[in-house]
$ cat protein.txt   # compact mmCIF, C-alpha atoms
# COMPACT_ATOMS: atom_id res chain seq x y z
CA MET S 1 0.00 0.00 0.00
CA ILE S 2 2.86 2.34 0.86
CA ALA S 3 4.53 1.52 -2.45
CA ARG S 4 1.27 2.25 -4.25
CA TYR S 5 0.88 5.58 -2.52
CA PHE S 6 4.50 6.39 -3.22
CA THR S 7 3.85 5.67 -6.88
CA TYR S 8 0.79 7.94 -6.79
CA ALA S 9 2.88 10.70 -5.26
CA LEU S 10 5.56 10.31 -7.89
CA ILE S 11 3.05 10.32 -10.74
CA SER S 12 1.34 13.33 -9.19
CA LEU S 13 4.63 15.25 -9.14
CA ILE S 14 5.27 14.38 -12.78
CA LEU S 15 1.74 15.33 -13.82
CA VAL S 16 1.95 18.65 -11.98
CA ALA S 17 5.16 19.36 -13.85
CA VAL S 18 3.57 18.35 -17.14
CA GLN S 19 0.45 20.43 -16.47
CA THR S 20 2.55 23.44 -15.58
CA LYS S 21 5.12 23.25 -18.35
CA LEU S 22 3.75 21.25 -21.26
CA MET S 23 -0.02 21.40 -21.35
CA ARG S 24 0.02 24.97 -22.61
CA LEU S 25 1.14 23.43 -25.92
CA LEU S 26 -2.29 21.85 -26.21
CA THR S 27 -4.15 25.08 -25.55
CA VAL S 28 -6.98 25.79 -27.99
CA GLU S 29 -8.65 29.21 -27.91
CA GLY S 30 -7.23 29.80 -24.43
CA ILE S 31 -8.62 26.53 -23.10
CA THR S 32 -6.12 24.08 -21.61
CA PRO S 33 -6.96 20.47 -20.72
CA ASP S 34 -6.55 19.62 -17.04
CA ILE S 35 -4.81 16.30 -16.71
CA LEU S 36 -4.66 16.72 -12.94
CA THR S 37 -8.45 16.48 -12.84
CA ILE S 38 -8.31 13.25 -14.82
CA TRP S 39 -5.71 11.96 -12.38
CA VAL S 40 -7.78 12.90 -9.32
CA VAL S 41 -10.91 11.28 -10.81
CA PHE S 42 -8.87 8.17 -11.56
CA LEU S 43 -7.70 8.06 -7.93
CA ALA S 44 -11.28 8.56 -6.72
CA LEU S 45 -12.55 5.66 -8.84
CA ARG S 46 -9.67 3.48 -7.79
CA GLU S 47 -9.24 4.36 -4.09
CA GLY S 48 -12.53 5.85 -2.95
CA GLN S 49 -13.89 9.15 -1.69
CA LEU S 50 -11.68 9.78 1.32
CA PRO S 51 -8.30 9.15 -0.32
CA ALA S 52 -9.44 11.05 -3.41
CA SER S 53 -10.28 14.09 -1.31
CA VAL S 54 -6.85 14.02 0.32
CA TRP S 55 -5.06 13.40 -2.96
CA GLY S 56 -7.07 16.14 -4.60
CA PHE S 57 -6.01 18.54 -1.89
CA CYS S 58 -2.35 17.55 -2.11
CA ILE S 59 -2.22 17.68 -5.90
CA GLY S 60 -4.06 21.00 -5.99
CA LEU S 61 -1.76 22.48 -3.37
CA LEU S 62 1.27 21.24 -5.27
CA PHE S 63 -0.08 22.87 -8.42
CA ASP S 64 -0.71 26.14 -6.56
CA LEU S 65 2.82 26.12 -5.22
CA ALA S 66 4.23 25.27 -8.64
CA THR S 67 2.38 28.06 -10.41
CA GLY S 68 2.47 30.52 -7.51
CA ASN S 69 -0.79 32.05 -8.65
CA PHE S 70 -3.53 31.74 -6.10
CA LEU S 71 -2.50 29.64 -3.13
CA GLY S 72 -5.29 27.33 -1.94
CA LEU S 73 -7.64 27.78 -4.89
CA SER S 74 -6.68 24.63 -6.79
CA ALA S 75 -6.32 22.77 -3.48
CA LEU S 76 -9.93 23.62 -2.67
CA SER S 77 -11.36 22.90 -6.11
CA LYS S 78 -9.50 19.62 -6.53
CA THR S 79 -10.47 18.47 -3.01
CA ILE S 80 -14.11 18.94 -3.96
CA CYS S 81 -13.48 17.32 -7.34
CA GLY S 82 -12.01 14.23 -5.65
CA PHE S 83 -14.83 14.12 -3.12
CA PHE S 84 -17.61 14.19 -5.72
CA ALA S 85 -15.83 11.80 -8.06
CA GLY S 86 -15.57 9.46 -5.06
CA TYR S 87 -19.33 8.95 -5.13
CA PHE S 88 -18.80 6.80 -8.25
CA TYR S 89 -16.29 4.56 -6.53
CA SER S 90 -17.17 0.86 -6.56
CA GLU S 91 -14.56 -1.69 -5.63
CA THR S 92 -16.14 -4.39 -7.79
CA LYS S 93 -16.87 -2.25 -10.85
CA MET S 94 -13.68 -0.23 -10.81
CA MET S 95 -12.22 -1.45 -14.13
CA LEU S 96 -15.64 -1.45 -15.74
CA THR S 97 -15.99 2.23 -14.96
CA LEU S 98 -12.46 3.19 -15.98
CA ALA S 99 -12.73 1.33 -19.28
CA SER S 100 -16.05 2.75 -20.33
CA TYR S 101 -17.77 6.04 -21.19
CA ARG S 102 -18.61 6.26 -17.45
CA PHE S 103 -15.08 7.42 -16.85
CA LEU S 104 -15.71 10.26 -19.28
CA MET S 105 -18.99 11.12 -17.58
CA VAL S 106 -17.40 11.19 -14.13
CA VAL S 107 -14.55 13.36 -15.37
CA LEU S 108 -17.02 15.73 -17.01
CA PHE S 109 -19.18 15.86 -13.87
CA ALA S 110 -16.24 16.34 -11.48
CA SER S 111 -14.61 18.83 -13.82
CA VAL S 112 -17.75 20.96 -14.04
CA ILE S 113 -18.05 21.03 -10.25
CA GLN S 114 -14.38 21.77 -9.83
CA ASN S 115 -14.41 24.59 -12.39
CA THR S 116 -17.57 26.05 -10.90
CA VAL S 117 -15.95 26.20 -7.44
CA TYR S 118 -12.77 27.54 -9.00
CA PHE S 119 -14.45 30.34 -10.92
CA ILE S 120 -16.84 31.30 -8.14
CA ILE S 121 -13.77 32.36 -6.20
CA TYR S 122 -11.59 33.41 -9.11
CA SER S 123 -14.17 35.77 -10.60
CA GLN S 124 -14.66 37.65 -7.32
CA GLY S 125 -13.42 41.21 -7.52
CA SER S 126 -12.42 40.81 -11.16
CA GLU S 127 -14.07 42.06 -14.31
CA ILE S 128 -14.83 38.53 -15.48
CA GLY S 129 -18.49 37.75 -14.90
CA LEU S 130 -19.20 34.61 -12.89
CA LEU S 131 -21.64 33.05 -15.41
CA ARG S 132 -19.40 33.91 -18.32
CA ALA S 133 -16.41 32.38 -16.54
CA ILE S 134 -18.30 29.19 -15.66
CA PHE S 135 -20.01 28.69 -19.01
CA GLN S 136 -17.32 29.92 -21.40
CA VAL S 137 -14.16 28.84 -19.63
CA GLY S 138 -15.29 26.28 -17.03
CA LEU S 139 -17.51 24.21 -19.29
CA ALA S 140 -15.09 24.43 -22.21
CA THR S 141 -12.27 23.27 -19.99
CA ALA S 142 -14.45 20.46 -18.66
CA PHE S 143 -15.32 19.24 -22.14
CA TYR S 144 -11.79 19.60 -23.42
CA THR S 145 -10.47 17.71 -20.40
CA THR S 146 -13.11 15.02 -20.96
CA THR S 147 -11.93 14.71 -24.53
CA TRP S 148 -8.42 14.02 -23.31
CA THR S 149 -9.83 11.40 -20.93
CA LEU S 150 -10.45 9.27 -24.00
CA LEU S 151 -6.78 8.34 -23.98
CA PRO S 152 -6.68 6.70 -20.55
CA MET S 153 -10.16 5.28 -21.15
CA PHE S 154 -8.94 3.47 -24.31
CA ALA S 155 -5.88 2.30 -22.40
CA PHE S 156 -8.05 0.78 -19.70
CA THR S 157 -10.36 -0.72 -22.35
CA ARG S 158 -7.44 -2.48 -24.01
CA ARG S 159 -6.14 -3.64 -20.67
CA SER S 160 -9.51 -5.02 -19.63
CA THR S 161 -10.06 -6.89 -22.89
CA ARG S 162 -6.73 -8.78 -22.61
CA MET T 1 -16.39 6.47 23.44
CA HIS T 2 -16.67 3.56 21.04
CA ARG T 3 -20.00 4.84 19.89
CA PHE T 4 -18.50 8.27 19.35
CA LEU T 5 -15.61 6.84 17.35
CA GLY T 6 -18.11 4.74 15.38
CA LEU T 7 -20.07 7.89 14.62
CA LEU T 8 -16.88 9.66 13.53
CA GLY T 9 -16.05 6.68 11.30
CA LEU T 10 -19.46 6.89 9.71
CA PHE T 11 -18.92 10.48 8.68
CA LYS T 12 -15.17 10.40 8.20
CA GLU T 13 -15.38 11.43 4.52
CA TYR T 14 -17.35 14.54 5.42
CA LEU T 15 -15.10 15.35 8.36
CA VAL T 16 -11.99 15.05 6.21
CA LEU T 17 -13.62 17.10 3.45
CA THR T 18 -14.52 19.82 5.95
CA PHE T 19 -11.03 19.80 7.37
CA LEU T 20 -9.45 20.08 3.92
CA ILE T 21 -11.83 22.84 2.88
CA VAL T 22 -10.99 24.78 6.03
CA ILE T 23 -7.27 24.43 5.32
CA SER T 24 -7.86 25.54 1.73
CA LEU T 25 -9.80 28.58 2.89
CA VAL T 26 -7.07 29.46 5.36
CA LEU T 27 -4.55 29.21 2.53
CA LEU T 28 -6.81 31.33 0.33
CA SER T 29 -7.01 33.98 3.04
CA LEU T 30 -3.22 34.24 3.00
CA ASN T 31 -3.39 35.69 -0.50
CA ASP T 32 -3.62 39.41 -0.94
CA ASN T 33 -5.24 39.90 -4.32
CA ASN T 34 -8.47 41.39 -5.65
CA GLN T 35 -10.40 38.15 -5.29
CA VAL T 36 -9.60 37.69 -1.61
CA ARG T 37 -10.27 41.34 -0.88
CA ALA T 38 -13.64 41.05 -2.62
CA ILE T 39 -14.49 37.85 -0.71
CA ARG T 40 -13.50 39.48 2.58
CA SER T 41 -15.67 42.46 1.75
CA THR T 42 -18.61 40.20 0.84
CA ALA T 43 -18.10 38.16 4.01
CA VAL T 44 -18.06 41.26 6.19
CA GLY T 45 -21.22 42.51 4.47
CA PHE T 46 -22.91 39.14 4.92
CA VAL T 47 -21.97 38.88 8.59
CA GLY T 48 -23.21 42.43 9.15
CA PHE T 49 -26.47 41.65 7.37
CA MET T 50 -26.98 38.48 9.41
CA GLN T 51 -26.21 40.25 12.68
CA ASN T 52 -28.65 42.97 11.73
CA ALA T 53 -31.29 40.43 10.77
CA LEU T 54 -30.79 38.36 13.92
CA ALA T 55 -30.84 41.43 16.14
CA ILE T 56 -34.63 41.59 15.88
CA ILE T 57 -34.96 38.15 17.47
CA PRO T 58 -35.19 38.78 21.21
CA ASN T 59 -32.71 36.88 23.32
CA VAL T 60 -34.60 36.00 26.49
CA VAL T 61 -31.50 35.44 28.62
CA GLU T 62 -29.90 38.65 27.42
CA LEU T 63 -33.13 40.56 27.91
CA LYS T 64 -33.42 39.26 31.45
CA LYS T 65 -29.85 40.28 32.20
CA GLU T 66 -30.38 43.66 30.60
CA ASN T 67 -33.58 44.08 32.57
CA GLU T 68 -31.77 43.37 35.83
CA VAL T 69 -28.99 45.78 34.95
CA LEU T 70 -31.51 48.47 34.00
CA ARG T 71 -33.47 47.90 37.19
CA GLN T 72 -30.30 48.25 39.26
CA LEU T 73 -29.40 51.35 37.28
CA ASN T 74 -32.87 52.73 37.90
CA VAL T 75 -32.47 52.26 41.66
CA ASN T 76 -29.05 53.94 41.58
CA LEU T 77 -30.34 56.83 39.50
CA SER T 78 -33.37 57.26 41.75
CA ASN T 79 -31.04 57.46 44.76
CA GLU T 80 -28.89 59.95 42.92
CA VAL T 81 -31.92 62.06 41.94
CA SER T 82 -33.05 62.05 45.55
CA LEU T 83 -29.61 63.13 46.73
CA LEU T 84 -29.42 65.83 44.06
CA ARG T 85 -32.87 67.11 44.97
CA GLU T 86 -31.82 67.25 48.61
CA ALA T 87 -28.59 69.00 47.65
CA ARG T 88 -30.53 71.48 45.51
CA LEU T 89 -32.86 72.36 48.37
CA GLU T 90 -29.94 72.68 50.73
CA ASN T 91 -28.17 74.83 48.16
CA LEU T 92 -31.21 77.10 47.85
CA ARG T 93 -31.45 77.40 51.63
CA MET T 94 -27.75 78.14 51.90
CA ARG T 95 -27.99 80.74 49.13
CA GLU T 96 -30.81 82.49 50.91
CA MET T 97 -28.91 82.35 54.17
CA ALA T 98 -25.74 83.56 52.50
CA GLY T 99 -27.73 86.37 50.92
CA LEU T 100 -29.15 87.32 54.31
CA LYS T 101 -25.70 87.23 55.83
CA GLU T 102 -24.30 89.42 53.05
CA HIS T 103 -27.03 92.01 53.27
CA SER T 104 -27.27 92.01 57.04
CA THR T 105 -25.64 94.80 58.96
CA PHE T 106 -25.35 92.59 62.04
CA LYS T 107 -22.70 90.06 62.84
CA LEU T 108 -24.27 86.64 62.33
CA THR T 109 -23.20 83.15 63.37
CA ALA T 110 -24.78 80.24 61.55
CA GLY T 111 -25.97 77.21 63.44
CA ASN T 112 -27.86 74.01 62.80
CA VAL T 113 -31.02 73.10 64.67
CA ILE T 114 -30.22 69.79 66.36
CA GLY T 115 -33.26 69.57 68.61
CA LYS T 116 -36.81 70.92 68.76
CA SER T 117 -39.49 71.09 71.37
CA LEU T 118 -42.64 72.34 69.68
CA LEU T 119 -45.34 70.62 71.71
CA LEU T 120 -45.22 72.48 74.98
CA LEU T 121 -46.06 76.01 76.06
CA ARG T 122 -42.37 76.84 76.16
CA ASN T 123 -41.28 75.90 72.64
CA THR T 124 -37.52 75.89 72.15
CA ILE T 125 -34.88 74.71 69.72
CA THR T 126 -31.37 73.43 70.45
CA LEU T 127 -28.50 74.77 68.32
CA ASP T 128 -25.07 73.24 67.71
CA ILE T 129 -23.28 76.51 68.51
CA GLY T 130 -22.44 77.75 71.99
CA GLU T 131 -20.30 80.06 74.05
CA ARG T 132 -17.15 79.05 72.17
CA ASP T 133 -18.81 80.46 69.07
CA GLY T 134 -19.58 83.71 70.86
CA ILE T 135 -23.19 82.87 71.67
CA LYS T 136 -24.69 84.47 74.78
CA ALA T 137 -28.15 84.61 76.35
CA ASP T 138 -30.63 87.14 74.91
CA MET T 139 -29.00 87.13 71.49
CA PRO T 140 -31.66 87.20 68.74
CA VAL T 141 -32.11 84.18 66.50
CA ILE T 142 -33.21 84.77 62.92
CA SER T 143 -33.55 82.79 59.72
CA GLU T 144 -33.62 83.78 56.05
CA THR T 145 -37.38 84.31 56.33
CA GLY T 146 -37.53 86.30 59.54
CA LEU T 147 -37.35 86.39 63.31
CA VAL T 148 -37.16 83.03 65.09
CA GLY T 149 -36.67 83.91 68.75
CA LYS T 150 -33.81 84.51 71.16
CA VAL T 151 -31.14 82.53 72.99
CA ILE T 152 -32.06 81.72 76.57
CA ALA T 153 -29.35 79.29 77.64
CA THR T 154 -25.85 78.41 76.51
CA SER T 155 -23.09 75.87 77.09
CA ASP T 156 -19.64 75.60 75.49
CA HIS T 157 -20.90 73.99 72.30
CA TYR T 158 -24.68 74.24 72.41
CA SER T 159 -27.37 76.77 73.03
CA ILE T 160 -31.12 76.76 73.50
CA ALA T 161 -33.28 79.35 71.81
CA GLN T 162 -36.75 80.41 72.86
CA LEU T 163 -39.07 80.54 69.85
CA MET T 164 -41.65 83.20 69.22
CA GLN T 165 -44.14 80.41 69.83
CA ASN T 166 -43.32 80.44 73.51
CA LYS T 167 -45.62 81.85 76.19
CA ASP T 168 -42.75 83.86 77.71
CA PHE T 169 -41.70 85.48 74.46
CA ARG T 170 -42.23 89.22 74.00
CA ALA T 171 -40.77 91.64 71.46
CA SER T 172 -41.41 95.21 70.43
CA ALA T 173 -42.92 95.22 66.96
CA LYS T 174 -44.54 97.58 64.49
CA ILE T 175 -46.61 97.55 61.33
CA GLN T 176 -44.20 98.33 58.51
CA ARG T 177 -46.71 100.30 56.44
CA THR T 178 -48.14 102.60 59.12
CA ARG T 179 -45.38 102.39 61.77
CA VAL T 180 -47.99 101.44 64.41
CA ASP T 181 -46.26 99.97 67.49
CA GLY T 182 -47.22 96.98 69.53
CA ILE T 183 -45.91 94.03 71.49
CA ILE T 184 -45.67 90.70 69.72
CA ALA T 185 -46.44 87.61 71.75
CA TRP T 186 -47.51 84.04 71.12
CA GLY T 187 -51.24 83.64 70.53
CA GLY T 188 -51.30 79.88 70.84
CA GLY T 189 -51.12 77.37 68.03
CA ASP T 190 -49.38 78.66 64.93
CA VAL T 191 -50.24 82.33 65.34
CA LEU T 192 -48.80 85.35 67.12
CA ARG T 193 -50.64 88.36 68.48
CA LEU T 194 -49.71 91.99 68.15
CA LYS T 195 -50.88 93.54 71.39
CA ASN T 196 -51.50 97.11 72.55
CA VAL T 197 -52.73 98.31 69.16
CA SER T 198 -55.36 100.96 69.65
CA LYS T 199 -58.67 100.61 67.84
CA THR T 200 -58.01 103.93 66.13
CA GLU T 201 -54.78 102.73 64.50
CA ASP T 202 -54.61 101.81 60.82
CA VAL T 203 -53.92 98.11 60.61
CA ARG T 204 -55.07 95.88 57.78
CA PRO T 205 -54.81 92.18 57.00
CA GLY T 206 -51.70 91.54 54.91
CA ASP T 207 -49.63 94.23 56.64
CA ILE T 208 -46.06 93.24 57.35
CA VAL T 209 -45.04 93.15 60.99
CA ILE T 210 -41.38 93.90 61.78
CA THR T 211 -39.28 94.33 64.90
CA SER T 212 -39.28 97.80 66.32
CA GLU T 213 -36.32 100.02 67.16
CA TYR T 214 -37.69 100.19 70.71
CA SER T 215 -36.39 96.70 71.44
CA SER T 216 -33.09 96.48 73.28
CA VAL T 217 -32.72 92.80 72.33
CA PHE T 218 -33.81 92.51 68.69
CA PRO T 219 -32.36 94.53 65.83
CA ARG T 220 -34.85 96.77 64.06
CA GLU T 221 -36.83 95.87 60.95
CA ILE T 222 -36.53 92.11 61.08
CA LYS T 223 -39.59 90.57 59.56
CA ILE T 224 -41.90 88.83 62.01
CA GLY T 225 -44.88 87.95 59.87
CA LEU T 226 -48.08 89.14 58.20
CA VAL T 227 -51.29 90.39 59.77
CA SER T 228 -53.80 87.65 59.07
CA LYS T 229 -56.85 88.68 61.11
CA ILE T 230 -58.13 91.74 63.00
CA GLU T 231 -60.89 91.73 65.60
CA GLU T 232 -62.41 94.52 67.61
CA LYS T 233 -64.10 93.33 70.76
CA PRO T 234 -66.67 95.61 72.41
CA GLY T 235 -65.53 97.00 75.75
CA SER T 236 -61.86 96.84 74.81
CA LEU T 237 -59.61 99.73 73.82
CA PHE T 238 -57.36 97.60 71.66
CA LYS T 239 -57.62 95.62 68.49
CA GLU T 240 -56.99 91.89 68.46
CA VAL T 241 -54.36 91.59 65.72
CA GLU T 242 -53.47 88.08 64.69
CA VAL T 243 -50.10 87.63 62.96
CA THR T 244 -48.95 84.61 60.97
CA PRO T 245 -45.19 84.20 61.48
CA SER T 246 -43.06 84.29 58.36
CA VAL T 247 -40.89 81.48 59.74
CA ASP T 248 -42.07 77.88 59.46
CA PHE T 249 -40.89 76.59 62.82
CA ALA T 250 -41.69 72.99 61.99
CA SER T 251 -39.21 72.88 59.08
CA LEU T 252 -36.49 74.99 60.65
CA GLU T 253 -33.04 73.45 60.04
CA GLN T 254 -30.51 76.27 59.92
CA VAL T 255 -30.60 79.61 61.75
CA PHE T 256 -28.38 82.59 62.48
CA VAL T 257 -27.66 84.05 65.86
CA VAL T 258 -27.11 87.81 65.85
CA THR T 259 -23.90 88.04 67.85
CA SER T 260 -23.63 91.82 67.81
CA ALA T 261 -24.29 92.80 71.40
CA PRO T 262 -26.98 95.43 72.00
CA ASP T 263 -25.68 98.86 72.90
CA PRO T 264 -24.59 98.38 76.55
CA GLU T 265 -25.06 102.06 77.39
CA ARG T 266 -28.65 101.96 76.25
CA THR T 267 -29.29 98.74 78.12
CA GLU T 268 -27.78 100.16 81.26
CA ILE T 269 -29.78 103.38 81.24
CA GLU T 270 -33.02 101.53 80.47
CA LYS T 271 -32.40 99.19 83.41
CA LYS T 272 -31.61 102.17 85.69
CA ALA T 273 -34.81 103.92 84.65
CA ALA T 274 -36.80 100.76 85.33
CA ARG T 275 -35.35 100.49 88.82
CA THR T 276 -36.19 104.12 89.74
CA LYS T 277 -39.80 103.56 88.75

$ encode --input "protein.txt" --output "structure tokens"
Amino acid sequence: MIARYFTYALISLILVAVQTKLMRLLTVEGITPDILTIWVVFLALREGQLPASVWGFCIGLLFDLATGNFLGLSALSKTICGFFAGYFYSETKMMLTLASYRFLMVVLFASVIQNTVYFIIYSQGSEIGLLRAIFQVGLATAFYTTTWTLLPMFAFTRRSTR
Amino acid sequence: MHRFLGLLGLFKEYLVLTFLIVISLVLLSLNDNNQVRAIRSTAVGFVGFMQNALAIIPNVVELKKENEVLRQLNVNLSNEVSLLREARLENLRMREMAGLKEHSTFKLTAGNVIGKSLLLLRNTITLDIGERDGIKADMPVISETGLVGKVIATSDHYSIAQLMQNKDFRASAKIQRTRVDGIIAWGGGDVLRLKNVSKTEDVRPGDIVITSEYSSVFPREIKIGLVSKIEEKPGSLFKEVEVTPSVDFASLEQVFVVTSAPDPERTEIEKKAARTK
């Protein structure tokens, strides 16, 4: 279990680095896919609600520290993302979920909630309107991120069919 | 304890979520940007609104406490009002007395009435000033409203004054308006009588009665009272003039003793003349 968690931590560090440095290359119309959300949802479906909340917090905090933008904002939004994604956790149907469109649906659902929380706070005191931020940026990011979830979903599909 | 831990275990996801959210919010509050400032402002506004909204709900415990405090305050203030009222009255009395002392041509010594005897035929008051204050027998006693009586006995620190309402009291008096002379004496009860006033003299109710210059004991022109009633009995040469004293003996608290001695030469010659008669 410790080895598994150590692996998660290592992958999290790598993904934070990738998200910070490389994902901007995939930006379309200012919208960047959030692979950290996919990772948190994956952890929620694999480990459950409680670990996903903690991992979401840790990964979000790591991202905040790496970007130095708004300390605590990603930690909060990813904690909530992990918590809600954890509702879809089922020990027996774990691979079934990860290898099917359900994974996409959970990512979309968790991403929408996460972006809503994120922009509720981020749009305060700024000229960006809350609804505009949620619908134009939040939803777009959620859909774009869901699109990128196809990759791990196909990977899990191949793995499950072997 | 086990049950409590079991309960915690049941809600552990929510507890952990709450804990993480709190930490996140604390971290958010460490930022100093527009968003955090706006959230702080909104939070302050919200808290203020809620406090304002909840203020209309009466808190029974607080109201009870407040009621007790207000009641106590009310008692204290009532006491204070009473003391102030007393002080005001005393102040007014003192002012009047001070005014009398200022305008008086006699030497006056102030004293407090520490005892009264108003039920007998020989009504007296006891003063807290005596021989050490220069008080001697026969010295006139006055108040801010008029003549009170005269000193009849003294000790080192106390003296007793005979009131006008005393059967042994006599003083030369006159009607201020018409200068008609008479002798003032106690008429029983609350009234005095101006005696030896001829039926032909002009005396009317409401006339002011003052001490006369004929008296060797009392200074002249000290107010005694007002003529309240005049009767003319058949077979008598004199009028029955009833005088209401200007001094309220029942409420007498402070008085002055006129310590200027009467002219000794005059007293001496008057005594000599009386003896030769």

$ closest_residue --input "protein.txt" --among "S:Leu22, S:Ala75, S:Met153, S:Leu50" --to "Val117 in chain S" --atoms "all atoms listed in the file"
S:Ala75

$ residues_around --input "protein.txt" --residues "Phe70 in chain S" --least-positions-apart "2" --cutoff "9 Å" --atoms "only C-alpha atoms" --output "ChimeraX atom specification"
/S:64-65,67-68,72-74,122 /T:28,31,33

$ atom_distance --input "protein.txt" --atom1 "CA of Ala137 in chain T" --atom2 "CA of Thr154 in chain T"
6.6 Å

$ interface_residues --input "protein.txt" --of "chain S" --to "chain T" --cutoff "12 Å" --atoms "all atoms listed in the file" --output "ChimeraX atom specification"
/S:48-58,60-61,64-65,68-84,86-87,117-128

$ closest_residue --input "protein.txt" --among "S:Leu96, S:Val18, S:Ala85, S:Leu139" --to "Glu47 in chain S" --atoms "only C-alpha atoms"
S:Ala85

$ atom_distance --input "protein.txt" --atom1 "CA of Pro140 in chain T" --atom2 "CA of Val258 in chain T"
5.4 Å

$ atom_distance --input "protein.txt" --atom1 "CA of Ser111 in chain S" --atom2 "CA of Thr37 in chain S"
6.7 Å

$ residues_near_point --input "protein.txt" --point "(-10.9, 1.6, -2.9)" --cutoff "8 Å" --atoms "only C-alpha atoms" --output "number ranges by chain"
S: 44-48, 89-91

$ decode --input "protein.txt" --residues "range 89-94 of chain S" --atoms "all heavy atoms" --output "compact mmCIF listing (two decimals), in the first residue's frame"
# COMPACT_ATOMS: atom_id res chain seq x y z
N TYR S 89 -17.22 5.64 -6.86
CA TYR S 89 -16.29 4.56 -6.53
C TYR S 89 -17.07 3.26 -6.23
O TYR S 89 -18.05 3.26 -5.49
CB TYR S 89 -15.45 4.95 -5.31
CG TYR S 89 -14.67 3.82 -4.70
CD1 TYR S 89 -13.54 3.31 -5.35
CD2 TYR S 89 -15.05 3.25 -3.48
CE1 TYR S 89 -12.82 2.27 -4.78
CE2 TYR S 89 -14.34 2.22 -2.91
CZ TYR S 89 -13.23 1.73 -3.58
OH TYR S 89 -12.51 0.69 -3.01
N SER S 90 -16.61 2.19 -6.87
CA SER S 90 -17.17 0.86 -6.56
C SER S 90 -16.04 -0.14 -6.72
O SER S 90 -15.44 -0.24 -7.80
CB SER S 90 -18.33 0.54 -7.52
OG SER S 90 -18.67 -0.82 -7.37
N GLU S 91 -15.73 -0.81 -5.65
CA GLU S 91 -14.56 -1.69 -5.63
C GLU S 91 -14.69 -2.79 -6.69
O GLU S 91 -13.72 -3.17 -7.34
CB GLU S 91 -14.42 -2.30 -4.24
CG GLU S 91 -13.01 -2.70 -3.92
CD GLU S 91 -12.83 -3.13 -2.47
OE1 GLU S 91 -13.74 -2.87 -1.66
OE2 GLU S 91 -11.80 -3.73 -2.17
N THR S 92 -15.92 -3.26 -6.88
CA THR S 92 -16.14 -4.39 -7.79
C THR S 92 -16.21 -3.95 -9.26
O THR S 92 -15.90 -4.72 -10.16
CB THR S 92 -17.43 -5.13 -7.42
OG1 THR S 92 -18.48 -4.16 -7.33
CG2 THR S 92 -17.29 -5.86 -6.10
N LYS S 93 -16.68 -2.70 -9.47
CA LYS S 93 -16.87 -2.25 -10.85
C LYS S 93 -15.81 -1.24 -11.28
O LYS S 93 -16.03 -0.46 -12.21
CB LYS S 93 -18.25 -1.61 -10.99
CG LYS S 93 -19.40 -2.57 -10.75
CD LYS S 93 -20.70 -1.83 -10.82
CE LYS S 93 -21.85 -2.78 -10.49
NZ LYS S 93 -23.14 -2.07 -10.40
N MET S 94 -14.69 -1.24 -10.58
CA MET S 94 -13.68 -0.23 -10.81
C MET S 94 -13.18 -0.23 -12.27
O MET S 94 -13.22 0.79 -12.95
CB MET S 94 -12.49 -0.47 -9.88
CG MET S 94 -11.41 0.57 -9.98
SD MET S 94 -10.11 0.28 -8.80
CE MET S 94 -9.63 -1.40 -9.16
